[in-house]
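S.K.: This is the content of coords-v2.cif (mmCIF, C-alpha atoms and all ligand atoms):
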data_data
loop_
_atom_site.label_atom_id
_atom_site.label_comp_id
_atom_site.auth_asym_id
_atom_site.auth_seq_id
_atom_site.Cartn_x
_atom_site.Cartn_y
_atom_site.Cartn_z
CA MET K 1 -6.25 -0.89 -17.12
CA THR K 2 -7.89 2.48 -17.60
CA PRO K 3 -5.88 4.86 -19.77
CA ARG K 4 -4.76 7.77 -17.72
CA LEU K 5 -6.45 11.12 -18.19
CA ASP K 6 -4.37 14.19 -17.47
CA ALA K 7 -5.72 16.92 -15.20
CA GLY K 8 -7.09 18.95 -18.11
CA GLN K 9 -8.89 15.97 -19.63
CA LEU K 10 -10.35 15.01 -16.28
CA ALA K 11 -11.59 18.57 -15.70
CA ALA K 12 -13.14 18.60 -19.18
CA ARG K 13 -14.87 15.27 -18.52
CA PHE K 14 -16.10 16.64 -15.19
CA GLN K 15 -17.51 19.72 -16.90
CA SER K 16 -19.42 17.64 -19.44
CA VAL K 17 -20.84 15.30 -16.77
CA PHE K 18 -21.69 17.80 -14.05
CA GLY K 19 -22.25 20.93 -16.13
CA ALA K 20 -19.71 23.10 -14.33
CA ALA K 21 -15.94 23.24 -13.95
CA PRO K 22 -14.39 21.50 -10.91
CA ASP K 23 -12.88 23.58 -8.11
CA GLY K 24 -9.67 21.63 -8.64
CA VAL K 25 -7.98 18.34 -9.47
CA TRP K 26 -5.96 16.36 -6.93
CA GLN K 27 -4.02 13.11 -7.07
CA ALA K 28 -2.57 10.52 -4.72
CA PRO K 29 -0.39 7.51 -5.56
CA GLY K 30 -0.47 3.81 -4.84
CA ARG K 31 2.50 2.30 -3.06
CA VAL K 32 4.86 -0.65 -2.98
CA ASN K 33 6.40 -1.93 0.20
CA LEU K 34 10.12 -2.33 -0.49
CA ILE K 35 10.77 -4.29 2.71
CA GLY K 36 9.18 -4.81 6.14
CA GLU K 37 6.34 -7.34 5.87
CA HIS K 38 3.96 -8.22 8.70
CA THR K 39 5.93 -5.87 10.90
CA ASP K 40 3.30 -3.11 11.02
CA TYR K 41 0.91 -4.74 13.49
CA ASN K 42 3.91 -5.76 15.58
CA GLU K 43 4.64 -2.05 16.04
CA GLY K 44 7.78 -2.38 13.94
CA PHE K 45 9.27 -0.82 10.83
CA VAL K 46 8.23 -0.65 7.18
CA LEU K 47 9.83 0.90 4.11
CA PRO K 48 7.23 1.62 1.40
CA PHE K 49 7.43 4.05 -1.50
CA ALA K 50 4.79 6.01 -3.38
CA ILE K 51 4.63 4.97 -7.04
CA ASN K 52 4.03 6.72 -10.34
CA ARG K 53 0.49 5.33 -10.56
CA THR K 54 -2.17 7.56 -9.09
CA ALA K 55 -5.84 8.07 -8.40
CA ARG K 56 -7.03 11.50 -9.52
CA VAL K 57 -10.18 13.32 -8.46
CA ALA K 58 -11.85 16.40 -9.89
CA VAL K 59 -14.07 17.89 -7.19
CA ARG K 60 -16.54 20.72 -6.89
CA ARG K 61 -18.26 21.69 -3.68
CA ARG K 62 -22.01 22.19 -3.77
CA SER K 63 -24.20 24.52 -1.78
CA ASP K 64 -26.62 21.71 -0.84
CA SER K 65 -25.89 18.37 0.86
CA THR K 66 -26.01 16.18 -2.27
CA ILE K 67 -22.99 14.03 -3.07
CA ARG K 68 -22.63 12.83 -6.67
CA LEU K 69 -19.86 10.39 -7.55
CA LEU K 70 -18.72 9.04 -10.90
CA SER K 71 -15.63 7.12 -12.00
CA THR K 72 -14.05 6.63 -15.39
CA PHE K 73 -13.90 2.89 -14.79
CA GLY K 74 -16.59 0.30 -14.42
CA ASN K 75 -20.13 0.90 -15.61
CA GLN K 76 -21.80 1.74 -12.35
CA GLY K 77 -23.10 5.12 -13.47
CA LEU K 78 -23.63 8.08 -11.22
CA THR K 79 -24.04 7.46 -7.50
CA THR K 80 -26.10 10.05 -5.62
CA VAL K 81 -26.32 10.15 -1.83
CA ASP K 82 -27.11 12.72 0.82
CA ALA K 83 -24.19 13.86 2.98
CA GLY K 84 -26.46 13.62 6.00
CA SER K 85 -27.15 9.92 5.53
CA LEU K 86 -23.70 8.35 5.31
CA SER K 87 -23.49 5.20 7.39
CA ARG K 88 -21.43 2.04 7.45
CA GLY K 89 -22.45 -0.83 5.25
CA THR K 90 -24.47 1.31 2.85
CA ALA K 91 -21.92 2.14 0.14
CA ARG K 92 -21.11 -0.16 -2.78
CA GLY K 93 -18.06 -0.75 -4.99
CA TRP K 94 -15.46 1.96 -5.32
CA THR K 95 -17.79 4.59 -3.79
CA LYS K 96 -17.00 3.06 -0.36
CA TYR K 97 -13.64 4.80 -0.46
CA PRO K 98 -14.62 8.44 -1.09
CA LEU K 99 -17.75 8.08 1.04
CA GLY K 100 -15.69 6.42 3.80
CA VAL K 101 -13.40 9.44 3.88
CA LEU K 102 -16.33 11.87 4.09
CA TRP K 103 -17.89 9.72 6.82
CA ALA K 104 -14.62 9.61 8.78
CA LEU K 105 -14.38 13.39 8.57
CA GLN K 106 -17.96 13.69 9.84
CA GLN K 107 -17.01 11.45 12.76
CA ARG K 108 -14.35 14.03 13.62
CA GLY K 109 -17.00 16.74 13.53
CA LEU K 110 -16.13 18.08 10.09
CA HIS K 111 -19.20 18.30 7.88
CA VAL K 112 -18.11 18.95 4.32
CA GLY K 113 -21.59 19.15 2.82
CA GLY K 114 -22.37 18.22 -0.77
CA LEU K 115 -19.94 17.79 -3.64
CA ASP K 116 -19.55 16.43 -7.15
CA LEU K 117 -16.60 14.12 -7.72
CA LEU K 118 -15.12 12.41 -10.77
CA LEU K 119 -12.46 9.75 -10.18
CA ASP K 120 -9.88 8.31 -12.54
CA SER K 121 -7.12 5.89 -11.53
CA ASP K 122 -4.33 3.92 -13.12
CA VAL K 123 -3.30 2.16 -9.92
CA PRO K 124 -3.83 -1.54 -10.67
CA ARG K 125 -6.44 -2.79 -8.27
CA GLY K 126 -6.06 -5.82 -6.06
CA ALA K 127 -2.38 -6.16 -7.02
CA GLY K 128 -1.10 -5.14 -3.61
CA LEU K 129 -0.44 -1.56 -4.68
CA SER K 130 -3.19 -0.12 -2.52
CA SER K 131 -5.50 1.30 -5.13
CA SER K 132 -8.02 1.83 -2.35
CA HIS K 133 -5.77 4.14 -0.34
CA ALA K 134 -4.83 6.04 -3.48
CA ILE K 135 -8.52 6.93 -3.84
CA GLU K 136 -8.93 7.80 -0.17
CA CYS K 137 -5.81 9.93 -0.06
CA ALA K 138 -6.75 11.84 -3.23
CA VAL K 139 -10.18 12.53 -1.75
CA ILE K 140 -8.97 13.60 1.66
CA THR K 141 -6.32 15.87 0.16
CA ALA K 142 -8.97 17.53 -2.00
CA VAL K 143 -11.54 17.89 0.75
CA ASN K 144 -9.03 19.07 3.33
CA GLU K 145 -8.15 21.94 1.03
CA LEU K 146 -11.64 22.73 -0.28
CA ALA K 147 -13.19 22.79 3.19
CA ALA K 148 -10.13 24.54 4.67
CA ALA K 149 -10.17 21.79 7.29
CA GLY K 150 -6.53 22.32 8.20
CA LEU K 151 -5.73 18.65 8.86
CA ASP K 152 -2.05 17.81 8.94
CA THR K 153 -0.86 14.58 7.29
CA ARG K 154 -0.88 12.70 10.58
CA GLU K 155 -4.58 13.52 11.01
CA MET K 156 -5.28 12.63 7.40
CA VAL K 157 -3.55 9.27 7.93
CA LEU K 158 -5.80 8.52 10.90
CA ALA K 159 -8.96 9.65 9.12
CA THR K 160 -8.28 7.40 6.12
CA GLN K 161 -7.48 4.53 8.47
CA ARG K 162 -10.83 5.11 10.15
CA ALA K 163 -12.50 5.09 6.71
CA GLU K 164 -10.89 1.75 5.78
CA ASN K 165 -11.35 0.07 9.15
CA ASP K 166 -14.81 1.24 10.14
CA PHE K 167 -16.58 2.20 6.92
CA VAL K 168 -15.06 -0.11 4.29
CA GLY K 169 -14.43 -2.84 6.85
CA ALA K 170 -10.80 -3.63 5.95
CA PRO K 171 -8.43 -4.13 8.92
CA THR K 172 -5.55 -2.07 7.51
CA GLY K 173 -2.88 -0.11 9.33
CA ILE K 174 -1.20 3.21 8.55
CA MET K 175 1.48 2.24 6.04
CA ASP K 176 -0.40 2.65 2.78
CA GLN K 177 -1.83 6.09 3.36
CA SER K 178 1.38 7.33 4.98
CA ALA K 179 3.25 6.43 1.80
CA SER K 180 0.54 7.90 -0.42
CA LEU K 181 0.36 11.17 1.50
CA ARG K 182 4.01 11.61 2.41
CA GLY K 183 5.99 9.88 -0.36
CA ALA K 184 8.55 11.79 -2.40
CA ALA K 185 10.16 11.16 -5.78
CA GLY K 186 13.37 9.15 -5.48
CA HIS K 187 12.71 8.20 -1.85
CA VAL K 188 11.30 5.49 0.35
CA LEU K 189 9.46 6.26 3.53
CA PHE K 190 10.96 4.85 6.71
CA LEU K 191 7.96 4.50 8.98
CA ASP K 192 8.05 3.51 12.63
CA CYS K 193 4.62 1.98 13.16
CA ARG K 194 4.80 2.51 16.93
CA SER K 195 5.69 6.19 17.10
CA GLN K 196 4.33 6.88 13.59
CA ASP K 197 7.52 8.84 12.95
CA ILE K 198 8.45 9.14 9.29
CA ARG K 199 11.77 9.74 7.61
CA LEU K 200 12.39 9.95 3.88
CA VAL K 201 15.36 7.86 2.77
CA PRO K 202 16.98 8.23 -0.67
CA PHE K 203 15.99 5.49 -3.10
CA ASP K 204 16.92 6.93 -6.46
CA ALA K 205 16.37 3.86 -8.57
CA ASP K 206 16.62 5.85 -11.82
CA SER K 207 20.09 7.20 -11.10
CA ALA K 208 21.22 3.73 -10.07
CA ARG K 209 19.81 2.44 -13.38
CA LEU K 210 17.50 0.13 -11.50
CA VAL K 211 13.88 -0.62 -12.27
CA PRO K 212 11.60 -1.87 -9.53
CA LEU K 213 9.42 -4.45 -11.29
CA VAL K 214 6.13 -5.51 -9.77
CA ILE K 215 5.15 -9.05 -10.72
CA ASP K 216 1.45 -9.55 -10.08
CA THR K 217 0.92 -13.32 -9.91
CA LYS K 218 -2.84 -12.75 -10.20
CA VAL K 219 -3.41 -15.53 -7.71
CA SER K 220 -5.06 -15.19 -4.35
CA HIS K 221 -5.10 -18.44 -2.44
CA SER K 222 -8.24 -19.19 -0.54
CA HIS K 223 -6.55 -19.36 2.86
CA ALA K 224 -5.30 -15.75 2.56
CA GLY K 225 -7.78 -14.30 5.06
CA GLY K 226 -7.42 -17.07 7.62
CA GLY K 227 -3.65 -17.15 7.13
CA TYR K 228 -3.38 -13.45 7.92
CA ALA K 229 -5.47 -13.78 11.08
CA SER K 230 -3.53 -16.83 12.26
CA ARG K 231 -0.18 -15.07 11.72
CA ARG K 232 -1.38 -12.11 13.75
CA ALA K 233 -2.52 -14.48 16.47
CA SER K 234 0.89 -16.22 16.51
CA CYS K 235 2.62 -12.87 16.90
CA GLU K 236 0.37 -11.90 19.79
CA ARG K 237 0.93 -15.27 21.42
CA GLY K 238 4.69 -14.93 21.01
CA ALA K 239 4.71 -11.42 22.47
CA GLY K 240 2.54 -12.59 25.39
CA ILE K 241 4.78 -15.53 26.27
CA LEU K 242 7.90 -13.39 25.96
CA GLY K 243 6.32 -10.73 28.15
CA VAL K 244 6.62 -7.79 25.73
CA LYS K 245 4.01 -5.32 24.52
CA ALA K 246 4.71 -6.17 20.87
CA LEU K 247 7.34 -8.15 18.95
CA ARG K 248 8.98 -4.82 18.16
CA ASP K 249 10.44 -5.14 21.64
CA VAL K 250 12.29 -8.37 20.84
CA GLY K 251 15.76 -7.96 19.34
CA PRO K 252 17.92 -10.38 17.35
CA ASP K 253 20.00 -11.10 20.47
CA ASP K 254 16.89 -12.27 22.33
CA LEU K 255 16.10 -15.00 19.80
CA ASP K 256 18.24 -17.75 21.34
CA ALA K 257 16.50 -17.38 24.67
CA ALA K 258 13.09 -17.11 22.96
CA ALA K 259 13.63 -20.45 21.20
CA GLY K 260 13.49 -22.24 24.55
CA ARG K 261 10.22 -20.59 25.58
CA LEU K 262 8.14 -20.89 22.41
CA ASP K 263 6.79 -23.87 20.52
CA PRO K 264 8.68 -24.35 17.23
CA GLU K 265 6.01 -22.82 15.02
CA THR K 266 5.48 -19.71 17.15
CA PHE K 267 9.25 -19.33 17.35
CA ARG K 268 9.54 -19.29 13.55
CA ARG K 269 6.79 -16.68 13.31
CA VAL K 270 8.54 -14.54 15.92
CA ARG K 271 11.90 -14.98 14.21
CA HIS K 272 10.49 -13.65 10.95
CA VAL K 273 9.19 -10.48 12.58
CA VAL K 274 12.36 -9.88 14.59
CA THR K 275 14.71 -10.44 11.66
CA GLU K 276 12.44 -8.49 9.28
CA ASN K 277 12.52 -5.44 11.56
CA GLU K 278 16.29 -5.76 11.60
CA ARG K 279 16.38 -5.99 7.80
CA VAL K 280 14.39 -2.76 7.49
CA LEU K 281 16.89 -0.98 9.74
CA GLN K 282 19.74 -2.46 7.70
CA ALA K 283 18.08 -1.43 4.45
CA VAL K 284 17.83 2.17 5.65
CA LYS K 285 21.54 2.15 6.52
CA VAL K 286 22.51 0.55 3.23
CA LEU K 287 20.41 3.00 1.19
CA GLU K 288 21.94 5.94 3.02
CA THR K 289 25.50 4.71 2.55
CA ALA K 290 25.83 2.35 -0.42
CA GLY K 291 22.73 3.06 -2.55
CA PRO K 292 19.82 1.05 -3.96
CA ALA K 293 21.71 -1.78 -5.67
CA ALA K 294 23.22 -2.89 -2.36
CA ILE K 295 19.90 -3.87 -0.77
CA GLY K 296 19.48 -6.93 -2.99
CA PRO K 297 20.62 -9.47 -0.38
CA LEU K 298 18.22 -7.98 2.19
CA LEU K 299 15.31 -8.41 -0.22
CA ASP K 300 16.34 -12.00 -0.84
CA ALA K 301 16.66 -12.72 2.88
CA SER K 302 13.25 -11.16 3.48
CA HIS K 303 11.69 -13.50 0.95
CA ALA K 304 13.35 -16.56 2.46
CA SER K 305 12.10 -15.55 5.90
CA MET K 306 8.54 -15.17 4.66
CA ARG K 307 8.72 -18.45 2.78
CA ASP K 308 10.36 -20.57 5.49
CA ASP K 309 9.63 -18.91 8.86
CA PHE K 310 6.37 -17.02 8.37
CA GLU K 311 5.12 -19.44 5.69
CA ILE K 312 3.07 -16.93 3.72
CA SER K 313 4.58 -17.38 0.27
CA CYS K 314 3.14 -19.69 -2.39
CA PRO K 315 4.56 -21.54 -5.40
CA GLU K 316 3.71 -18.74 -7.84
CA LEU K 317 5.51 -16.13 -5.72
CA ASP K 318 8.52 -18.40 -5.24
CA VAL K 319 8.72 -19.04 -8.99
CA ALA K 320 8.48 -15.31 -9.73
CA VAL K 321 11.22 -14.44 -7.24
CA GLU K 322 13.57 -17.24 -8.34
CA ALA K 323 13.14 -16.54 -12.05
CA ALA K 324 13.67 -12.78 -11.59
CA ARG K 325 16.85 -13.36 -9.61
CA SER K 326 18.27 -15.94 -12.01
CA ALA K 327 17.71 -13.52 -14.88
CA GLY K 328 19.63 -10.71 -13.20
CA ALA K 329 17.48 -8.96 -10.58
CA VAL K 330 19.72 -7.72 -7.74
CA GLY K 331 17.10 -8.88 -5.24
CA ALA K 332 13.47 -9.98 -5.16
CA ARG K 333 10.80 -10.73 -2.61
CA MET K 334 7.10 -11.21 -2.27
CA THR K 335 5.41 -8.02 -1.08
CA GLY K 336 2.11 -7.61 0.71
CA GLY K 337 0.14 -9.96 2.90
CA GLY K 338 1.09 -13.17 1.13
CA PHE K 339 -0.62 -16.32 -0.21
CA GLY K 340 -0.60 -14.69 -3.65
CA GLY K 341 -0.49 -11.11 -4.82
CA SER K 342 2.69 -9.52 -6.05
CA ALA K 343 6.45 -9.79 -5.85
CA ILE K 344 8.90 -6.95 -6.33
CA ALA K 345 12.15 -7.50 -8.22
CA LEU K 346 14.79 -4.78 -8.15
CA THR K 347 16.16 -5.11 -11.65
CA PRO K 348 19.06 -3.43 -13.49
CA ALA K 349 17.54 -1.51 -16.40
CA ALA K 350 19.83 -3.48 -18.71
CA ALA K 351 18.30 -6.76 -17.50
CA GLU K 352 14.65 -5.68 -17.50
CA ARG K 353 13.80 -7.52 -20.72
CA GLN K 354 15.48 -10.74 -19.63
CA VAL K 355 13.76 -10.63 -16.24
CA ARG K 356 10.33 -10.07 -17.77
CA ALA K 357 10.89 -12.88 -20.27
CA ALA K 358 12.31 -15.27 -17.68
CA VAL K 359 9.39 -14.79 -15.31
CA GLY K 360 6.91 -15.29 -18.16
CA LEU K 361 8.68 -18.47 -19.27
CA ALA K 362 8.91 -19.85 -15.75
CA PHE K 363 5.18 -19.30 -15.24
CA ALA K 364 4.37 -21.00 -18.53
CA ALA K 365 6.66 -23.93 -17.69
CA ALA K 366 4.94 -24.34 -14.32
CA GLY K 367 1.53 -24.25 -15.97
CA TYR K 368 0.52 -20.95 -14.29
CA ALA K 369 -1.54 -18.25 -15.99
CA PRO K 370 0.67 -15.38 -17.20
CA PRO K 371 1.54 -12.83 -14.52
CA GLU K 372 1.24 -9.10 -15.10
CA ILE K 373 4.57 -7.32 -14.86
CA PHE K 374 4.98 -3.56 -14.68
CA SER K 375 7.70 -1.17 -13.67
CA VAL K 376 7.17 1.44 -10.96
CA ARG K 377 9.18 4.45 -9.87
CA PRO K 378 9.46 6.03 -6.41
CA ALA K 379 7.29 9.09 -7.01
CA ALA K 380 5.70 12.07 -5.30
CA GLY K 381 2.97 11.81 -2.69
CA ALA K 382 -0.49 13.38 -2.84
CA MET K 383 -0.77 16.81 -4.42
CA ARG K 384 -3.00 19.28 -6.21
CA LEU K 385 -2.67 19.14 -10.00
CA ALA K 386 -4.94 21.97 -11.11
P1 LIG K 401 -5.92 -2.78 -3.25
O1 LIG K 401 -6.13 -1.57 -2.41
O2 LIG K 401 -4.83 -3.65 -2.74
O3 LIG K 401 -5.71 -2.45 -4.69
P2 LIG K 401 -8.57 -3.32 -2.36
O4 LIG K 401 -9.41 -4.54 -2.43
O5 LIG K 401 -8.27 -2.71 -1.05
O6 LIG K 401 -7.22 -3.65 -3.17
O7 LIG K 401 -9.23 -2.18 -3.22
C1 LIG K 401 -9.65 -2.47 -4.53
C2 LIG K 401 -11.01 -1.82 -4.75
O8 LIG K 401 -10.81 -0.43 -5.04
C3 LIG K 401 -11.75 -2.39 -5.91
O9 LIG K 401 -12.54 -3.47 -5.53
C4 LIG K 401 -12.58 -1.20 -6.37
O10 LIG K 401 -13.75 -1.09 -5.59
C5 LIG K 401 -11.72 -0.02 -6.07
N1 LIG K 401 -10.91 0.47 -7.19
C6 LIG K 401 -9.74 1.12 -7.04
N2 LIG K 401 -9.21 1.48 -8.23
C7 LIG K 401 -10.05 1.03 -9.16
C8 LIG K 401 -10.04 1.06 -10.59
N3 LIG K 401 -9.07 1.68 -11.30
N4 LIG K 401 -11.05 0.46 -11.23
C9 LIG K 401 -12.03 -0.13 -10.53
N5 LIG K 401 -12.11 -0.19 -9.20
C10 LIG K 401 -11.13 0.38 -8.50
MG MG K 402 -6.65 -1.72 -0.35
#
Produce structure tokens that represent the structure in this file.
Ligand code: ADP
Ligand code: MG
M.R.:
Amino acid sequence: MTPRLDAGQLAARFQSVFGAAPDGVWQAPGRVNLIGEHTDYNEGFVLPFAINRTARVAVRRRSDSTIRLLSTFGNQGLTTVDAGSLSRGTARGWTKYPLGVLWALQQRGLHVGGLDLLLDSDVPRGAGLSSSHAIECAVITAVNELAAAGLDTREMVLATQRAENDFVGAPTGIMDQSASLRGAAGHVLFLDCRSQDIRLVPFDADSARLVPLVIDTKVSHSHAGGGYASRRASCERGAGILGVKALRDVGPDDLDAAAGRLDPETFRRVRHVVTENERVLQAVKVLETAGPAAIGPLLDASHASMRDDFEISCPELDVAVEAARSAGAVGARMTGGGFGGSAIALTPAAAERQVRAAVGLAFAAAGYAPPEIFSVRPAAGAMRLA
């Protein structure tokens, strides 16, 4: 992973590359979803938090329409494009994300013109921590301020969604950028994906002497894409048969009746979404009353539901979750789309070493390549650094 440059170092690097000081330095974090999986496209509830890993951009506006982009990672060199020629399918690599944001702003009628941009990031990529949204949110926060565009966070959320969906070509929702833009230290973000209402809920892991550990299994099973699409299709089928707009509208008390109307597989898919929404609501209550350590059983139940009802776990994720729990985690679950990716284990600080060791040993015993394990903290959302 790239070592993190602080704002001053990034500005200095910018100056030496572009020959002038940046107008400012902005950052936006990655995120972890604590609970609420595959509920977003069912218009339900999610509970992500912004993490202490961020993308940072130093930006300077130019008087012409040239855009120059450079990152501290990779060896792609400087990318130069004209602001007037941004179109889908033209950008490559990480530049898709900043250019996607500028394109999405143009689609809203906001023409930012040219700029120079240097990006640095320590959000692990492809680990389910949304390194792509961290970049987009850092860029949109910078540009919104530099161009005095006056977008509120709701508009920024929609613009970054447009960038991901229509420019990058990734069918993502609103969770990741909402967490990145609106997160706060010591809190999770309770997001209603139907109304898009947001409420910050205390999740002070530090004070509770808990460490959220992300266990990146480093595997991505080949059926991940098809599995995601087929789960979405099952949810739509279930909602259609039950006569509701989205599975959000089905409650736990409706499940008995639903069982008689759905084929067994669709019923299990529906049951995951319905019970997962309920677990998010429970988690919010528990966090507000009893504190972080008390949500362990909800995390465990969420994992079981994804493994048995939604069938999106995989052996590596199950091994990670079981080993973390046996070694003292208060709760653990896979997080993200499934079929690989990461698990999150809420671990007492005193047990962190044992949990890390136990997961490593369990992977070795199963013949899996070593996972990457890192701790995250619920941290602030996007902001200006300098
Ligand atoms: P995720 O958002 O879950 O991390 P994505 O596939 O959506 O995964 O985005 C990852 C992409 O973001 C990478 O392929 C790369 O283009 C870009 N990226 C983000 N951060 C970095 C980084 N630190 N180093 C290299 N590429 C990065
Ligand atoms: Mg992404």
S.K.: For ligand LIG 401 (chain K), collect every residue having any atom at a distance of at most 8 Å from a ligand atom (counting only C-alpha atoms and all ligand atoms); output as an MDAnalysis selection string.
M.R.: chainID K and resid 1:2 55 73:74 92:97 120:135 170
S.K.: For Leu346 (chain K), which of K:Arg31, K:Arg209, K:His221, K:Arg182 is the closest residue, counting all atoms listed in the file?
M.R.: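 The closest residue to Leu346 (chain K) is K:Arg209.
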S.K.: Which is closer to ligand MG 402 (chain K) than all the others in K:Met175, K:Ala362, K:Met306, K:Ala369, using only C-alpha atoms and all ligand atoms?
M.R.: K:Met175
S.K.: Please measure the separation of CA of Ala148 (chain K) and CA of Phe49 (chain K), giving the value in Å to one decimal.
M.R.: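 If I compute the distance from CA of Ala148 (chain K) to CA of Phe49 (chain K), I get 27.7 Å.
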S.K.: To one decimal in Å, tell me the separation between CA of Leu317 (chain K) and CA of Gly36 (chain K).
M.R.: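 Result for CA of Leu317 (chain K) versus CA of Gly36 (chain K): 16.8 Å, one decimal.
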S.K.: Which residue gives the smallest distance to Ala239 (chain K) among K:Arg325, K:Arg261, K:Arg88, K:Lys218, with only C-alpha atoms counted?
M.R.: K:Arg261
S.K.: Dig up all the protein and nucleic acid residues within 10 Å of (3.1, 0.8, 12.5) in the file frame, using all atoms listed in the file, and format them as a JSON list (two decimals) with C-alpha atoms, keeping the file's coordinate frame.
M.R.:
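So the final result, stored in selection19.json, reads:
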[["chain", "number", "residue", "atom", "x", "y", "z"],
["K", 38, "HIS", "CA", 3.96, -8.22, 8.70],
["K", 39, "THR", "CA", 5.93, -5.87, 10.90],
["K", 40, "ASP", "CA", 3.30, -3.11, 11.02],
["K", 41, "TYR", "CA", 0.91, -4.74, 13.49],
["K", 42, "ASN", "CA", 3.91, -5.76, 15.58],
["K", 43, "GLU", "CA", 4.64, -2.05, 16.04],
["K", 44, "GLY", "CA", 7.78, -2.38, 13.94],
["K", 45, "PHE", "CA", 9.27, -0.82, 10.83],
["K", 46, "VAL", "CA", 8.23, -0.65, 7.18],
["K", 173, "GLY", "CA", -2.88, -0.11, 9.33],
["K", 174, "ILE", "CA", -1.20, 3.21, 8.55],
["K", 175, "MET", "CA", 1.48, 2.24, 6.04],
["K", 191, "LEU", "CA", 7.96, 4.50, 8.98],
["K", 192, "ASP", "CA", 8.05, 3.51, 12.63],
["K", 193, "CYS", "CA", 4.62, 1.98, 13.16],
["K", 194, "ARG", "CA", 4.80, 2.51, 16.93],
["K", 195, "SER", "CA", 5.69, 6.19, 17.10],
["K", 196, "GLN", "CA", 4.33, 6.88, 13.59],
["K", 197, "ASP", "CA", 7.52, 8.84, 12.95],
["K", 248, "ARG", "CA", 8.98, -4.82, 18.16]]
S.K.: Which one is closest to ligand MG 402 (chain K): K:Pro48, K:Gly109, K:Gly19, K:Gly169? Count only C-alpha atoms and all ligand atoms.
M.R.: K:Gly169
S.K.: Using CA of Ser220 (chain K) and CA of Ser234 (chain K) as the two end points, give the distance in Å to one decimal.
M.R.: 21.7 Å
S.K.: I need the residue nearest Leu210 (chain K) from this list: K:Val274, K:Gly113, K:Ile35, K:Ala293. Use only C-alpha atoms for the distance.
M.R.: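 For Leu210 (chain K), the nearest of the given residues is K:Ala293.
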S.K.: Taking 4 positions as the minimum chain separation for residues in the same chain, which residues sit within 6 Å of Arg68 (chain K) when counting only C-alpha atoms? Answer as a list in words.
M.R.: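 After dropping sequence-adjacent residues, the list is Thr79, Thr80 and Asp116 of chain K.
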S.K.: Of the candidates K:Gln76, K:Thr217, K:Thr266, K:Thr141, which one gets nearest to Pro315 (chain K) if we count all atoms listed in the file?
M.R.: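 When distances to Pro315 (chain K) are compared using all atoms listed in the file, the smallest one comes from K:Thr217.
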S.K.: Using only C-alpha atoms, find all polymer residues with an atom at most 12 Å away from the point (-6.0, 13.9, 9.2); report them as a PDB file with C-alpha atoms, in the coordinates of the input.
M.R.:
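That gives us part-v5.pdb:
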ATOM      1  CA  VAL K 101     -13.400   9.440   3.880  1.00  0.00           C
ATOM      2  CA  LEU K 102     -16.330  11.870   4.090  1.00  0.00           C
ATOM      3  CA  ALA K 104     -14.620   9.610   8.780  1.00  0.00           C
ATOM      4  CA  LEU K 105     -14.380  13.390   8.570  1.00  0.00           C
ATOM      5  CA  GLN K 106     -17.960  13.690   9.840  1.00  0.00           C
ATOM      6  CA  GLN K 107     -17.010  11.450  12.760  1.00  0.00           C
ATOM      7  CA  ARG K 108     -14.350  14.030  13.620  1.00  0.00           C
ATOM      8  CA  LEU K 110     -16.130  18.080  10.090  1.00  0.00           C
ATOM      9  CA  GLU K 136      -8.930   7.800  -0.170  1.00  0.00           C
ATOM     10  CA  CYS K 137      -5.810   9.930  -0.060  1.00  0.00           C
ATOM     11  CA  VAL K 139     -10.180  12.530  -1.750  1.00  0.00           C
ATOM     12  CA  ILE K 140      -8.970  13.600   1.660  1.00  0.00           C
ATOM     13  CA  THR K 141      -6.320  15.870   0.160  1.00  0.00           C
ATOM     14  CA  VAL K 143     -11.540  17.890   0.750  1.00  0.00           C
ATOM     15  CA  ASN K 144      -9.030  19.070   3.330  1.00  0.00           C
ATOM     16  CA  GLU K 145      -8.150  21.940   1.030  1.00  0.00           C
ATOM     17  CA  ALA K 149     -10.170  21.790   7.290  1.00  0.00           C
ATOM     18  CA  GLY K 150      -6.530  22.320   8.200  1.00  0.00           C
ATOM     19  CA  LEU K 151      -5.730  18.650   8.860  1.00  0.00           C
ATOM     20  CA  ASP K 152      -2.050  17.810   8.940  1.00  0.00           C
ATOM     21  CA  THR K 153      -0.860  14.580   7.290  1.00  0.00           C
ATOM     22  CA  ARG K 154      -0.880  12.700  10.580  1.00  0.00           C
ATOM     23  CA  GLU K 155      -4.580  13.520  11.010  1.00  0.00           C
ATOM     24  CA  MET K 156      -5.280  12.630   7.400  1.00  0.00           C
ATOM     25  CA  VAL K 157      -3.550   9.270   7.930  1.00  0.00           C
ATOM     26  CA  LEU K 158      -5.800   8.520  10.900  1.00  0.00           C
ATOM     27  CA  ALA K 159      -8.960   9.650   9.120  1.00  0.00           C
ATOM     28  CA  THR K 160      -8.280   7.400   6.120  1.00  0.00           C
ATOM     29  CA  GLN K 161      -7.480   4.530   8.470  1.00  0.00           C
ATOM     30  CA  ARG K 162     -10.830   5.110  10.150  1.00  0.00           C
ATOM     31  CA  ALA K 163     -12.500   5.090   6.710  1.00  0.00           C
ATOM     32  CA  ILE K 174      -1.200   3.210   8.550  1.00  0.00           C
ATOM     33  CA  GLN K 177      -1.830   6.090   3.360  1.00  0.00           C
ATOM     34  CA  SER K 178       1.380   7.330   4.980  1.00  0.00           C
ATOM     35  CA  LEU K 181       0.360  11.170   1.500  1.00  0.00           C
TER      36      LEU K 181
END
S.K.: Which neighbours of Ala345 (chain K) fall inside 10 Å, counting only C-alpha atoms, when residues of the same chain fewer than 5 positions from it are skipped, and could you give them as a list in words?
M.R.: Leu34, Leu210, Val211, Pro212, Leu213, Val214, Ile215, Gly296, Leu299, Asp300, Ala320, Val321, Glu322, Ala323, Ala324, Arg325, Gly328, Ala329, Val330, Gly331, Ala332, Arg333, Met334, Thr335, Glu352, Val355 and Ser375 of chain K
